[in-house]
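Written below as structure tokens is the structure these notes are about.
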Number of protein chains: 2
Amino acid sequence: MPDTVESIKKYVRAANYLSAAQIYLGDNFLLKRKLSFNDIKPRLLGHWGTCPGINFIYANLNYLIKKHRADILFIMGPGHGFAALQANLFLEGTLEKYYPEAARDEKGVGYVVKNFCWPYGFPSHSNPGAPGVILEGGELGYALSTAYGAVLDNPDLIAACVIGDGEAETGPLAAAWHLNKLISPAGSGAVLPILHLNGYKISGPTIFGRMTNRELKALFTGYGYEPIVVEGVNVYQKMIDAFEKSYQIIKERSGRFPMIILKTLKGWTGIKNLKGVKMEGNFASHQVPAPNAKTDKAELKAVEKWLCSYKFEELFSAEGRFVDEIKELIPESNLKMGENKHAFGADKKSLVLPPAEQFSEDAALPGTIGSSSMRRIGAYLNEVFKLNKENKNLRLFSPDETYSNKLDAVFETTSRAFAMPQKEWDKDLSPDGRVMELLSEHSLQGMAQGYVLTGRHAIFASYEAFIQIVASMADQYAKFLKTAKEFPWRGDIPSFNYILTSSGWRQEHNGFSHQNPGFISGMLQKPGDFVRVFFPPDGNSALVVLKECLASKNKINIIVAGKTLEPRWLTPELATEELNDGMMIWDFASEEDPHIVFAAAGDYLTKESLAAVGIVKSEAPEIKVRFVNVMELSVLGKSADFAKYFTADKPVIFNFHGYPQTLKQFLFDYEKNENFCVHGYIENGSTTTPFDMQVRNETSRYHLAIEAFAKMAERGFLETGKAENLIKKYKQKLSEHREYIKINGVDPEEIENWQWKSFK
Amino acid sequence: MPDTVESIKKYVRAANYLSAAQIYLGDNFLLKRKLSFNDIKPRLLGHWGTCPGINFIYANLNYLIKKHRADILFIMGPGHGFAALQANLFLEGTLEKYYPEAARDEKGVGYVVKNFCWPYGFPSHSNPGAPGVILEGGELGYALSTAYGAVLDNPDLIAACVIGDGEAETGPLAAAWHLNKLISPAGSGAVLPILHLNGYKISGPTIFGRMTNRELKALFTGYGYEPIVVEGVNVYQKMIDAFEKSYQIIKERSGRFPMIILKTLKGWTGIKNLKGVKMEGNFASHQVPAPNAKTDKAELKAVEKWLCSYKFEELFSAEGRFVDEIKELIPESNLKMGENKHAFGADKKSLVLPPAEQFSEDAALPGTIGSSSMRRIGAYLNEVFKLNKENKNLRLFSPDETYSNKLDAVFETTSRAFAMPQKEWDKDLSPDGRVMELLSEHSLQGMAQGYVLTGRHAIFASYEAFIQIVASMADQYAKFLKTAKEFPWRGDIPSFNYILTSSGWRQEHNGFSHQNPGFISGMLQKPGDFVRVFFPPDGNSALVVLKECLASKNKINIIVAGKTLEPRWLTPELATEELNDGMMIWDFASEEDPHIVFAAAGDYLTKESLAAVGIVKSEAPEIKVRFVNVMELSVLGKSADFAKYFTADKPVIFNFHGYPQTLKQFLFDYEKNENFCVHGYIENGSTTTPFDMQVRNETSRYHLAIEAFAKMAERGFLETGKAENLIKKYKQKLSEHREYIKINGVDPEEIENWQWKSFK
């Protein structure tokens with residue numbers, strides 16, 4: 001037993017040396033000569049404070065893996081402690097596999113140390129270029145939910161998840177502790193959270209660091225875990241024991257799953273004091289403890305003393321090999337945490353997908369009522385769940401909204417994951433359900449990321465307004481994905497699929513807070529072609545789009561579609577055609593050589609546009625119109641063929657699902673953009689009627705028609721007097737509508753039951 | 001004692017009746033005749049499930065107020081239970097004060113009931129039109145942090161905060177429980193959280209509803225509270241006792257503050273069963289329990305039986321008055337929760353502000369090195385804290401970044417709020433500190449909102465990238481503010497001030513995850529003039545902008561500025577001039593009748609633009625240039641005077657702090673926008689050098705100069721051969737830079753120490 005402790009101590013010493021060396025050394029990597037200013041990097045970056053704890057945990061996990069041949073994925077919350085992770089990946093030889101210069105010899109040490117935080121070298125934070133990594137950890141809060149996502153449907157996997165006491169203060173992390181209540185111990189693996197309390201953040205103490213052990217134990221018992229505190233003397237032996245105990249509980253599925261509270265000093269084994277300031281065990285060692293080591297003699301000396309204290313020369317011989325005790329701690333290749341197959345999505349299986357036609361509806365006559373895009377999607381997804389039952393590689397994530405979003409057809413085949421006690425009147429709950437519902441968008445996004453980055457397929461369905469809650473997480477995921485594509489050895493990653501429904505246009509009942517199309521605005525600012533936003537105008541096109549998304553790789557797909565009963569416009573064939581081009585001239589509502597173009601993106605906006613076309617044609621048949629539907633917004637930024645759709649010189653009245661500005665940022669790059677009048681959500685809302693939402697935001701058929709009459713008179717395609725009368729008539733209609741709904745509480749029937757009538 | 005229980009029961013019966021009536025009744029409001037289909041509203045909206053619990057809590061709080069003359073602010077997390085709040089506001093007569101038609105007589109009952117969820121009537125959710133409300137509650141998660149913000153510096157105030165078990169699952173809420181650790185019991189009031197567990201969300205059970213009492217108690221003990229469970233028989237008496245006990249602990253500041261776990265049935269007192277489905281005590285009563293009451297006889301009957309069960313006629317007489325027991329429960333005017341003065345920001349005091357000049361630096365010679373905008377802001381804020389010490393009406397909120405953001409000058413006058421045990425080496429911590437640090441942006445945003453909406457002044461300083469974490473909260477706050485302005489009786493609300501620093505351009509060390517200018521993109525999509533984004537180009541202008549922001553009302557101000565040492569460009573006088581117009585032609589870098597315009601918004605981008613001007617003028621003095629600095633972006637969307645700044649026809653090379661698209665959406669509305677070339681953050685980043693961040697994103701001086709040479713040749717202002725050579729030269733410089741930093745790890749000195757040289 002003491003041998004084990006001694007081996008682990010040696011491993012940790014080596015890892016600590018390598019971590020600190022990465023921060024400081026630009027040369028003299030093995031300290032073969034006295035340290036000089038010249039040896040110090042010109043710019044000192046990195047975060048030392050958390051590194052020794054990470055090394056300590058990693059070493060102990062290696063021991064556990066060796067002992068039990070355990071399948072462990074390492075999820076590191078404090079991504080800024082990357083020097084430590086890098087040290088371990090180097091020590092275990094994983095780094096060498098993907099970066100041949102990182103060989104475990106003298107030159108390799110120099111390569112790894114020198115290139116840390118070096119331009120075009122290795123970044124300062126955990127990143128997709130590091131094998132085994134599925135979490136960047138730069139923005140804190142997502143470690144635990146990611147870990148829970150990784151273990152879903154991987155019954156043999158343990159995700160060892162390090163959570164810093166800074167990260168523990170965040171909301172997303174605080175919510176994720178409850179995810180244990182959604183996990184079936186039979187069908188999924190286990191998360192082993194290691195709350196690493198070194199007590200300090202960047203400039204002060206942490207909340208968790210100052211809580212008593214009694215409070216900590218109460219808190220995590222309350223969260224449903226078996227907390228094990230590791231601290232104080234004999235901490236090495238205690239950690240071995242804590243991991244062993246945890247492993248046994250997890251493997252035997254006996255009782256509540258454990259979590260470990262590890263208390264070690266911030267910057268443990270680093271500089272104790274510097275110029276009268278307490279360093280070890282204080283926030284002062286958070287980043288670079290001796291930031292002036294390149295110019296200040298005292299600091300240089302302190303760094304030298306510190307680095308020498310590890311006696312790296314005892315651990316690593318001139319021949320470039322680590323001593324046996326260290327080598328023996330390193331698991332065999334396929335068990336190394338840096339090579340955990342799940343992080344590479346090893347057994348990625350594509351989804352078996354039924355044809356969209358299987359669930360399509362008759363749309364031979366455009367405008368036939370009615371179709372609910374979400375009902376179509378629900379039926380399709382139910383079949384996908386059925387076809388992929390054996391593969392267990394699809395999950396639907398939703399904050400308690402599967403029913404509300406009309407996707408409940410999936411409950412014919414699966415149910416909602418729920419591992420808590422049930423009542424007889426409960427519905428659609430079971431421990432092995434494949435629908436993950438929790439009223440925490442953060443937890444769902446994190447879990448879905450963990451699921452996707454381990455090679456499985458995820459759909460996140462949400463009220464459109466509240467997906468904005470995870471805007472920042474999605475930004476970070478987009479960064480991860482963009483970077484991951486630079487490393488071909490990571491392989492393809494299944495696409496992350498969002499379904500945004502219950503959109504603001506039909507949240508007339510829940511009101512203003514439920515009306516927010518901001519998420520797509522942010523996502524559409526990502527350069528490149530990996531973010532795609534789709535606006536299927538009806539149920540059939542929703543099916544076609546969904547199939548395309550589920551089959552795609554390496555994308556972030558966002559489908560924006562309603563759940564209410566709306567007209568059918570496209571057959572599956574036409575929908576496919578439009579999807580291929582991203583947009584389409586709809587023949588049934590278009591004439592040759594039009595005087596004006598109506599365009600729309602979004603189902604409800606398409607309906608209003610077509611209603612406006614109807615008004616224009618019935619009032620002024622002499623105006624020749626065209627209608628263009630845009631199904632994928634990102635193509636607007638790419639299409640060289642604008643004039644083919646929008647004409648070179650005619651007015652275009654564009655009705656857009658989101659903020660007008662979101663469309664304008666695309667149109668800016670198009671030369672003829674002065675012809676476009678853009679309508680969209682201008683942040684006017686309340687509890688009102690569906691049509692009044694359109695009226696308030698000036699996207700209503702009446703607004704569009706009024707604008708068309710004005711433009712046509714301006715261009716000489718409509719007699720001025722007639723135009724004036726028509727404009728007056730439809731302005732009158734707008735005020736009549738307001739009076740009508742004040743009295744009746746609902747829209748007039750002519751609006752509610754509007755149907756497309758062919759003018760051809 | 002039984003009398004009290006009976007009184008409260010009567011009050012709750014009346015409130016429950018009024019809540020349910022609002023959901024269903026369009027007529028026959030007092031059930032004077034048999035209920036018919038015609039009496040039912042054409043559209044049934046609202047959320048019944050949570051209402052009875054809210055009524056129960058509100059009634060008990062009224063009793064507590066009456067007994068102790070307690071100062072209680074009601075914060076209602078489940079905003080969708082608005083029918084209940086409205087019932088109470090009506091009962092207590094607050095509604096009548098602001099809506100005279102809501103008199104407490106027969107007509108008033110009809111008015112309130114009919115107008116709930118009626119177009120242009122009352123919304124379905126809690127909202128700024130409801131007196132006493134400072135939280136909308138449509139997007140869940142922010143109740144507790146808002147409550148904590150409200151009690152800061154209000155030592156006599158108790159914020160009674162209702163948290164639904166849905167909301168309790170969210171991350172922001174889960175983190176906010178820890179805010180008790182930042183509150184000084186001496187200088188601030190108390191939050192009394194009431195976790196209302198009715199056990200169900202919209203379509204299934206909640207996590208908290210299925211936890212054992214042991215787990216619940218452990219969890220909240222761990223969070224640092226004294227949990228009191230109220231449930232089961234005699235729940236009325238138990239609630240009276242729980243509130244009494246809580247009040248005593250709070251008033252005596254004796255020990256850990258209490259929180260109440262209230263367990264009542266979902267839809268308590270509503271329909272028990274409908275068509276074989278369990279309603280009361282099940283998710284089925286979440287919204288409208290009998291949704292077809294207007295057309296289905298059985299449902300209508302069930303509603304009638306339910307409404308009659310309250311025997312409202314015993315509680316409310318034909319003369320339009322409530323029975324004495326109910327009246328006696330209603331606090332006197334200034335103690336009514338709907339009239340709590342804090343919700344109206346009663347003692348709003350403006351901040352005493354020093355002149356910006358007091359902290360300005362000499363900038364007579366443009367380009368003088370150096371100035372840190374954050375250091376300037378820190379010094380200024382320190383003085384503001386000093387000047388407003390007695391008023392106790394300013395707080396700085398920051399996720400552990402006051403030091404890192406170089407704002408630590410404020411610690412000369414104040415410190416960080418921390419009510420946990422301290423160590424001897426701790427710095428700048430004290431229970432009455434006015435800087436709120438917690439690594440939870442959600443908690444800070446919520447606290448700041450609570451602070452501002454109770455009439456005080458808040459600054460939220462953050463790394464720019466991570467403010468995106470609260471994008472959705474800020475969206476919701478903007479909605480609240482926009483709506484609040486429609487109700488003049490709410491008065492002015494101090495502006496919400498963001499300082500975004502440590503921006504991506506200088507997160508070259510922390511890398512890609514720390515580079516995200518997305519927050520301003522979203523905020524700039526809000527129509528109207530209440531969101532303002534400022535890009536002060538240097539320290540002096542940062543001071544001028546900050547003063548303007550702190551003095552303003554009813555705005556959301558966002559200041560984007562760096563912390564590093566950068567050139568000084570403007571005297572305070574010039575900065576003020578530029579602030580007034582939003583943008584300015586900088587004379588020292590501009591010539592008459594320019595051939596080309598350089599423009600910039602953002603300090604680092606301004607520096608690159610001016611460096612490009614320097615290159616252009618030194619290489620091709622024949623090109624006449626102009627430089628325009630944009631300090632407030634929102635003015636771009638307003639200015640009719642574009643040509644004055646940007647010329648009518650010359651190329652404009654615009655270097656923008658954020659995503660280029662964010663600027664393009666403004667420029668779209670400008671007729672001559674085809675002259676603009678927009679540069680900005682195009683999502684290219686890593687750990688690299690500061691200048692390489694500019695190079696990767698094509699915002700570098702070299703990129704701008706190359707583009708200028710090309711444009712000038714195109715327009716005939718530069719000889720083609722010369723242009724080709726210059727372009728070649730600066731492309732060469734770009735590749736040389738990359739090679740240089742790979743070898744040296746830092747930017748060459750000519751870049752690092754660049755200084756503006758006058759060409760005039």
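Within each chain, counting starts at residue 1; across the structure tokens, chains are named A, B, ... in the order shown, with ligands numbered 1 upward in that order.
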
Open item on the list: List the spatial neighbours of Ser513 (chain B) as a ChimeraX atom specification - criterion: any atom at most 8 Å away, only C-alpha atoms, same-chain residues fewer than 3 positions off excluded.
Closed with: /A:136,138-139,476,479 /B:465,510,516

TODO: Compile the residues of chain B that lie within 6 Å of chain A, evaluated using only C-alpha atoms, and express the compilation as a PyMOL selection string.
DONE: chain B and resi 118-119+123-124+138+169-172+174-175+215-216+218-219+222+439-440+468-469+472+510+513+661+664-665+668+687-688+742+745

TODO: Between CA of Leu95 (chain A) and CA of Leu73 (chain A), measure the distance and give it in Å to one decimal.
DONE: 16.0 Å

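Secondary structure by DSSP on the backbone puts the following residues of region 371-520 of chain A in strand (DSSP E or B): Ser371, Leu394, Arg395, Leu396, Phe397, Ser398, Arg416, Ala417, Leu429, Ser430, Val435, Met436, Glu437, His457, Ala458, Ile459, Phe460, Ala461, Ser462, Tyr463, Pro494, Phe496, Asn497, Tyr498, Ile499, Leu500 and Thr501 of chain A.
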
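The space between CA of Val229 (chain A) and CA of Pro258 (chain A) spans 10.5 Å.
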
Open item on the list: At a cut-off of 10 Å, using only C-alpha atoms, what residues contact Glu319 (chain B)? Leave out same-chain residues fewer than 2 positions from it and give the result as a ChimeraX atom specification.
Closed with: /B:104-106,316-317,321-322

Open item on the list: Could you list, as a list in words, every residue within 10 Å of Gly270 (chain B), counting only C-alpha atoms and ignoring same-chain residues fewer than 3 positions away?
Closed with: Asn16, Tyr17, Ala20, Trp48, Gly49, Pro52, Leu265, Lys266, Gly267, Asn273, Met279, Glu280, Gly281, Ser285, Pro289, Ala302, Val303, Lys305, Trp306, Leu307, Ser309 and Tyr310 of chain B

Task: Distance in Å - CA of Glu752 (chain A) versus CA of Val533 (chain A) - done: 28.2 Å

- [ ] Please identify which residues in region 276-450 of chain A DSSP calls helix (DSSP H, G or I) from the backbone, and express them as a ChimeraX atom specification.
- [x] /A:283-285,297-308,312-315,324-329,333-335,337-339,341-344,356-359,373-387,408-412,441-450

Open item on the list: as a PyMOL selection string, please: the residues near Leu543 (chain B) (cut-off 12 Å, only C-alpha atoms, same-chain neighbours under 3 positions excluded).
Closed with: chain B and resi 353-361+371-381+384+499+534-540+546-550+559+561+570-573+575-576+579

Task: Selected residue of minimal separation from Gly209 (chain B) among B:His457, B:Lys32, B:Lys729, B:His196, counting only C-alpha atoms - done: B:His196

Open item on the list: Need the shell around Glu96 (chain A): protein/DNA/RNA residues with any atom at most 12 Å away, counting only C-alpha atoms. Skip same-chain ones fewer than 2 positions apart. Format as a list of chain:residue names?
Closed with: A:Gln86, A:Ala87, A:Asn88, A:Leu89, A:Phe90, A:Leu91, A:Glu92, A:Gly93, A:Thr94, A:Tyr98, A:Tyr99, A:Pro100, A:Glu101, A:Ala102, A:Ala103, A:Arg104, A:Asp105, A:Lys107, A:Gly108, A:Val109, A:Tyr111, A:Val112, A:Ala130, A:Pro131, A:Gly338, A:Glu339

Open item on the list: Show me, as an MDAnalysis selection string, the residues that have an atom within 10 Å of Ser36 (chain B) when counting only C-alpha atoms, minus same-chain residues fewer than 6 positions from it.
Closed with: chainID B and resid 27:28 293:295 297 300:301 304

Dump N, CA and C atoms for the selected residues as an mmCIF file, in the first residue's frame?
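Result written to result_8.cif:
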```cif
data_model
loop_
_atom_site.group_PDB
_atom_site.id
_atom_site.type_symbol
_atom_site.label_atom_id
_atom_site.label_comp_id
_atom_site.auth_asym_id
_atom_site.auth_seq_id
_atom_site.Cartn_x
_atom_site.Cartn_y
_atom_site.Cartn_z
ATOM 1 N N ASP B 27 -68.966 36.922 -18.313
ATOM 2 C CA ASP B 27 -70.218 37.538 -17.846
ATOM 3 C C ASP B 27 -70.682 36.749 -16.623
ATOM 4 N N ASN B 28 -71.801 37.215 -16.023
ATOM 5 C CA ASN B 28 -72.373 36.493 -14.875
ATOM 6 C C ASN B 28 -71.316 36.335 -13.780
ATOM 7 N N ALA B 293 -65.072 24.370 -21.560
ATOM 8 C CA ALA B 293 -66.266 24.755 -20.800
ATOM 9 C C ALA B 293 -67.248 25.573 -21.630
ATOM 10 N N LYS B 294 -66.773 26.156 -22.711
ATOM 11 C CA LYS B 294 -67.677 26.974 -23.517
ATOM 12 C C LYS B 294 -68.570 26.136 -24.439
ATOM 13 N N THR B 295 -68.183 24.888 -24.638
ATOM 14 C CA THR B 295 -68.939 24.070 -25.589
ATOM 15 C C THR B 295 -69.335 22.706 -25.029
ATOM 16 N N LYS B 297 -70.911 20.427 -22.115
ATOM 17 C CA LYS B 297 -71.829 20.548 -20.970
ATOM 18 C C LYS B 297 -71.219 20.053 -19.676
ATOM 19 N N LEU B 300 -68.703 22.526 -18.417
ATOM 20 C CA LEU B 300 -69.363 23.716 -17.887
ATOM 21 C C LEU B 300 -69.914 23.437 -16.493
ATOM 22 N N LYS B 301 -70.524 22.294 -16.353
ATOM 23 C CA LYS B 301 -71.086 21.895 -15.057
ATOM 24 C C LYS B 301 -69.996 21.812 -14.000
ATOM 25 N N GLU B 304 -68.998 25.216 -13.007
ATOM 26 C CA GLU B 304 -70.016 25.858 -12.165
ATOM 27 C C GLU B 304 -69.969 25.316 -10.739
#
```

Open item on the list: Measuring between only C-alpha atoms, which one of B:Leu197, B:Ala190, B:Phe82, B:Asn234 shows the shortest distance to Arg253 (chain B)?
Closed with: B:Ala190

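Counting only C-alpha atoms and comparing A:Ala363, A:Val616, A:Ile228, A:Ala461, the residue that lies closest to Leu574 (chain A) is A:Ala363.
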